[in-house]
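Following: one structure in structure tokens, then a few remarks.
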Amino acid sequence: MSEKQLQLGEDSTFLSVQDAWERALEVLAQQVNKPSFESLIRSARPVAVDGDLVRIGANSTFQKQWLESKHLDAIKDILESHLGFPITLKVDLLEKGPEPVIMADKLPKKPRPRTDEEPISQPLNSRYTFDSFVVGPNNRLAHACAASVAERPGGTYNPLFIYGGAGLGKTHLMHAVGQYVLADRPDMRVAYISGETFTYHYITALREHRTADFRRRYRNIDLWLVDDIQFLTGKERTEEEFFHTYNALYEMGKQIVLTSDRAPKHLELDNRLLSRFECGMLADVSPPDLETRMAILQNKAEAEHMSLSDEVILYIARLITSNIRQLEGALIKLHAYASLMKTAVTPTLAEDVLGQYFGNCAPPVVDVQKIQQEVAKRFNVDVCDIKGKCRSKEIVIPRQVAMYLARQLTETSLPAIGKAFGGKDHTTVLHACKKIEEKLTKDKSFASLVEEISRHIGQPKAE
Ligand code: ADP
Ligand code: MG
């Protein structure tokens, strides 16, 4: 930061910026969902002003990118309208440099002093936030409960038990709760642990005769996030220890969130434990529907700066239906392949690359090009002629058939179909469709040929 730059609090311009920032917070609080607002906006603040350049400080790369990609324009508009002059807005990643000056009425809550009695926690993944979580009918309840727990730990939903198949977002939601609480209530001790790690810690403590220490540390928790508790099944002593830890925390009014790959009634755990789980809030996550899968892919592509057509997104979303981890994996694989081969990600490439991994079980992507190629082949003409201007009957019929099939088999608009046929007008496409419809009713062998071509285009590729 240059010497000329002024730190907040030193000059009246800063005070105005500070004021304007408060306004921006009020507006954004209405527009952004609460967990994201609390964890990603409230913790940002103006840190310097240099002429018309206002710098906002972010605490993490994720926060910086999120602000830049989603809210920079809105924040700039609000600041400008409040300040009354145009500004350039930048987001800086705050490193260990000078602490930003703190706004008087927004003193950050004091972090809890560290002690030897730190709870044992595995790290939280900073990408797993409420903001990056796509809500659909399959996870709406689990998301709402998680958001409510994040806002009021130890409130109504205690314990919260989230269950469902692999790769459906259970861990993501659990980390989101942890991160939200850490940002909102830095004084709270948050511990995230998988059932597997809990087991390992317990066995180690037993072996090293440190069970008293183990217990002390596991009682020193305000929000306990235990992932994949199905791992405890069949491990009697670990389960017993878990039961005592659970009871101790619960009785102290601490919030507990659990995940499992199945509902409590299908877990082979001690009945005392199961009845405790069932007294809390149970929320399942199920496989997402097509629209949710597409939204997840779009989000992911955006976060990874990939540009993908809707057709490719649709292809992947139809190919992988039951595991979001696989869905994301497919996207990354495709992107990596396209960058290595220096080629664009087309629907055909998606079919070629992903078909071999996931089996060609998705209906193939039908686009106008594919239709043109197939029709040209069947009528023994050139694709160039189909797209060209030649008006001889041998060409006009296949051209009209291809236009008709493009209308029937794709979502492509009339003008876009016209464009794909060498820049023809949409009325030409409509006229072609009408002509073919008439011919189909009159000429049976023509109708069965068109039917055959249509079926062939809609069939998955032969292996
Ligand atoms: P689970 O714990 O249920 O096996 P995860 O939480 O590990 O699943 O999710 C697998 C991957 O899918 C993660 O990368 C996660 O971010 C992503 N994911 C799952 N559900 C969603 C969702 N609704 N929105 C965005 N990403 C999701
Ligand atoms: Mg998980």
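Residues in the structure tokens are numbered from 1 in each chain, the chains being A, B, ... in the order shown, and ligands are numbered from 1 in the order shown.
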
- Counting only C-alpha atoms and all ligand atoms, which protein, DNA or RNA residues come within 6 Å of ligand 1, given as a ChimeraX atom specification? /A:128,132-135,166-172,296,324-325

So that I have them on file, write out the residues from the current selection with N, CA, C and O atoms, as a PDB file, in the first residue's frame.
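So result_27.pdb came out as:
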ATOM      1  N   TYR A 128     -16.653 -25.716   0.902  1.00  0.00           N
ATOM      2  CA  TYR A 128     -17.962 -26.244   1.283  1.00  0.00           C
ATOM      3  C   TYR A 128     -18.713 -25.225   2.143  1.00  0.00           C
ATOM      4  O   TYR A 128     -18.732 -25.319   3.368  1.00  0.00           O
ATOM      5  N   SER A 132     -21.942 -22.031  -1.833  1.00  0.00           N
ATOM      6  CA  SER A 132     -21.640 -22.876  -2.991  1.00  0.00           C
ATOM      7  C   SER A 132     -22.554 -24.108  -3.035  1.00  0.00           C
ATOM      8  O   SER A 132     -22.360 -24.987  -3.853  1.00  0.00           O
ATOM      9  N   PHE A 133     -23.532 -24.165  -2.167  1.00  0.00           N
ATOM     10  CA  PHE A 133     -24.433 -25.312  -2.118  1.00  0.00           C
ATOM     11  C   PHE A 133     -25.703 -25.006  -2.909  1.00  0.00           C
ATOM     12  O   PHE A 133     -26.386 -24.017  -2.655  1.00  0.00           O
ATOM     13  N   VAL A 134     -26.007 -25.844  -3.879  1.00  0.00           N
ATOM     14  CA  VAL A 134     -27.206 -25.626  -4.694  1.00  0.00           C
ATOM     15  C   VAL A 134     -28.392 -26.335  -4.023  1.00  0.00           C
ATOM     16  O   VAL A 134     -28.322 -27.530  -3.752  1.00  0.00           O
ATOM     17  N   VAL A 135     -29.427 -25.570  -3.761  1.00  0.00           N
ATOM     18  CA  VAL A 135     -30.587 -26.151  -3.080  1.00  0.00           C
ATOM     19  C   VAL A 135     -31.607 -26.626  -4.107  1.00  0.00           C
ATOM     20  O   VAL A 135     -31.943 -25.898  -5.045  1.00  0.00           O
ATOM     21  N   ALA A 166     -24.042 -41.829  -1.023  1.00  0.00           N
ATOM     22  CA  ALA A 166     -22.725 -41.210  -1.189  1.00  0.00           C
ATOM     23  C   ALA A 166     -22.763 -40.089  -2.223  1.00  0.00           C
ATOM     24  O   ALA A 166     -23.488 -40.171  -3.217  1.00  0.00           O
ATOM     25  N   GLY A 167     -22.010 -39.050  -1.944  1.00  0.00           N
ATOM     26  CA  GLY A 167     -21.832 -37.967  -2.910  1.00  0.00           C
ATOM     27  C   GLY A 167     -23.045 -37.078  -3.054  1.00  0.00           C
ATOM     28  O   GLY A 167     -23.249 -36.449  -4.087  1.00  0.00           O
ATOM     29  N   LEU A 168     -23.884 -36.985  -2.022  1.00  0.00           N
ATOM     30  CA  LEU A 168     -25.094 -36.173  -2.161  1.00  0.00           C
ATOM     31  C   LEU A 168     -25.054 -34.884  -1.337  1.00  0.00           C
ATOM     32  O   LEU A 168     -26.064 -34.220  -1.167  1.00  0.00           O
ATOM     33  N   GLY A 169     -23.900 -34.556  -0.774  1.00  0.00           N
ATOM     34  CA  GLY A 169     -23.755 -33.246  -0.146  1.00  0.00           C
ATOM     35  C   GLY A 169     -23.820 -33.227   1.374  1.00  0.00           C
ATOM     36  O   GLY A 169     -23.910 -32.144   1.965  1.00  0.00           O
ATOM     37  N   LYS A 170     -23.758 -34.380   2.028  1.00  0.00           N
ATOM     38  CA  LYS A 170     -23.860 -34.393   3.498  1.00  0.00           C
ATOM     39  C   LYS A 170     -22.650 -33.695   4.129  1.00  0.00           C
ATOM     40  O   LYS A 170     -22.794 -32.830   4.996  1.00  0.00           O
ATOM     41  N   THR A 171     -21.462 -34.089   3.674  1.00  0.00           N
ATOM     42  CA  THR A 171     -20.248 -33.483   4.235  1.00  0.00           C
ATOM     43  C   THR A 171     -20.208 -31.989   3.920  1.00  0.00           C
ATOM     44  O   THR A 171     -19.838 -31.157   4.759  1.00  0.00           O
ATOM     45  N   HIS A 172     -20.619 -31.658   2.697  1.00  0.00           N
ATOM     46  CA  HIS A 172     -20.628 -30.243   2.291  1.00  0.00           C
ATOM     47  C   HIS A 172     -21.480 -29.410   3.267  1.00  0.00           C
ATOM     48  O   HIS A 172     -21.032 -28.378   3.784  1.00  0.00           O
ATOM     49  N   ILE A 296     -25.887 -27.413 -10.445  1.00  0.00           N
ATOM     50  CA  ILE A 296     -24.628 -27.725  -9.761  1.00  0.00           C
ATOM     51  C   ILE A 296     -23.473 -27.665 -10.767  1.00  0.00           C
ATOM     52  O   ILE A 296     -22.419 -27.081 -10.504  1.00  0.00           O
ATOM     53  N   ILE A 324     -23.217 -36.651  -6.876  1.00  0.00           N
ATOM     54  CA  ILE A 324     -22.742 -35.321  -7.274  1.00  0.00           C
ATOM     55  C   ILE A 324     -21.219 -35.295  -7.371  1.00  0.00           C
ATOM     56  O   ILE A 324     -20.646 -34.563  -8.165  1.00  0.00           O
ATOM     57  N   ARG A 325     -20.571 -36.132  -6.579  1.00  0.00           N
ATOM     58  CA  ARG A 325     -19.108 -36.193  -6.663  1.00  0.00           C
ATOM     59  C   ARG A 325     -18.700 -36.665  -8.061  1.00  0.00           C
ATOM     60  O   ARG A 325     -17.795 -36.128  -8.675  1.00  0.00           O
TER      61      ARG A 325
END

- Item | Coordinates-based distance that separates atom CA of A:Ser194 from atom CA of A:Val226 (Å, one decimal) |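 Distance reported for this atom pair: 5.4 Å.
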
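Using only C-alpha atoms and all ligand atoms, the smallest distance between any of A:His175, A:Lys389, A:Arg407, A:Arg127 and ligand 2 comes from A:His175.
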
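For A:Thr245, the set of protein, DNA and RNA residues having any atom at most 12 Å away, when counting only C-alpha atoms and skipping those fewer than 2 positions along the same chain, is Phe198, Tyr202, Thr211, Phe214, Arg215, Arg216, Arg217, Tyr218, Arg219, Asn220, Ile221, Trp224, Val226, Thr238, Glu239, Glu240, Glu241, Phe242, Phe243, Asn247, Ala248, Leu249, Tyr250, Glu251, Met252, Lys254, Ile256 and Leu273 of chain A.
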
- Query: At what distance in Å, to one decimal, does atom CA of A:Val285 lie from atom CA of A:Asn158?
  - Reply: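 Distance between the two atoms: 17.9 Å.
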
- Query: From the set A:Arg272, A:His82, A:His71, A:Arg207, which residue has the shortest atom-to-atom contact distance to A:Val32, counting only C-alpha atoms?
  - Reply: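 The answer is A:His71, which sits nearest to A:Val32.
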
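Of note, atom CA of A:Leu28 and atom CA of A:Arg42 are spaced 9.5 Å apart.
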
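Restricting the calculation to only C-alpha atoms and all ligand atoms, the smallest distance between ligand 2 and any of A:Leu67, A:Met281, A:Met341, A:Ile229 is found for A:Ile229.
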
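If you measure from each of A:Asn59, A:Asn380, A:Gln373, A:Gln326 to A:Tyr357 using only C-alpha atoms, the closest one turns out to be A:Gln326.
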
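Counting only C-alpha atoms and all ligand atoms, the residue from A:Leu409, A:Met174, A:Val450, A:Ala303 that sits nearest to ligand 2 is A:Met174.
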
- Message: Write out as a ChimeraX atom specification the set of residues from stretch 85-288 of chain A that DSSP, computed on the backbone, places in helix (DSSP H, G or I).
- Response: /A:104-106,140-151,170-184,195-207,211-219,229-232,236-251,264-266,271-279

- Message: Residues within 12 Å of A:Ser148, please, as a list in words. Count only C-alpha atoms; anything in the same chain fewer than 3 positions from it doesn't count.
- Response: Lys34, Pro35, Phe130, Leu141, Ala142, His143, Ala144, Cys145, Glu151, Arg152, Pro153, Gly154, Gly155, Thr156, Tyr157, Asn158, Leu160, Leu173, Ala176, Val177, Tyr180, Val181, Gln255, Val257 and Met281 of chain A

- What's the 8 Å shell around A:Ala263, counting only C-alpha atoms, without same-chain residues fewer than 3 positions away, as a PyMOL selection string? chain A and resi 163-164+260+266-267+284

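Distance annotation: of A:Leu93, A:Leu53, A:Ile87, A:Ile162, the residue with the minimal separation from ligand 2 is A:Ile162; atom set is only C-alpha atoms and all ligand atoms.
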
- Message: Need to verify the contact set: stretch 420-432 of chain A, 7 Å, only C-alpha atoms, exclusion of same-chain residues closer than 2 positions in sequence. Can you return it as a ChimeraX atom specification?
- Response: /A:387-388,400,403-404,414-418,434-436
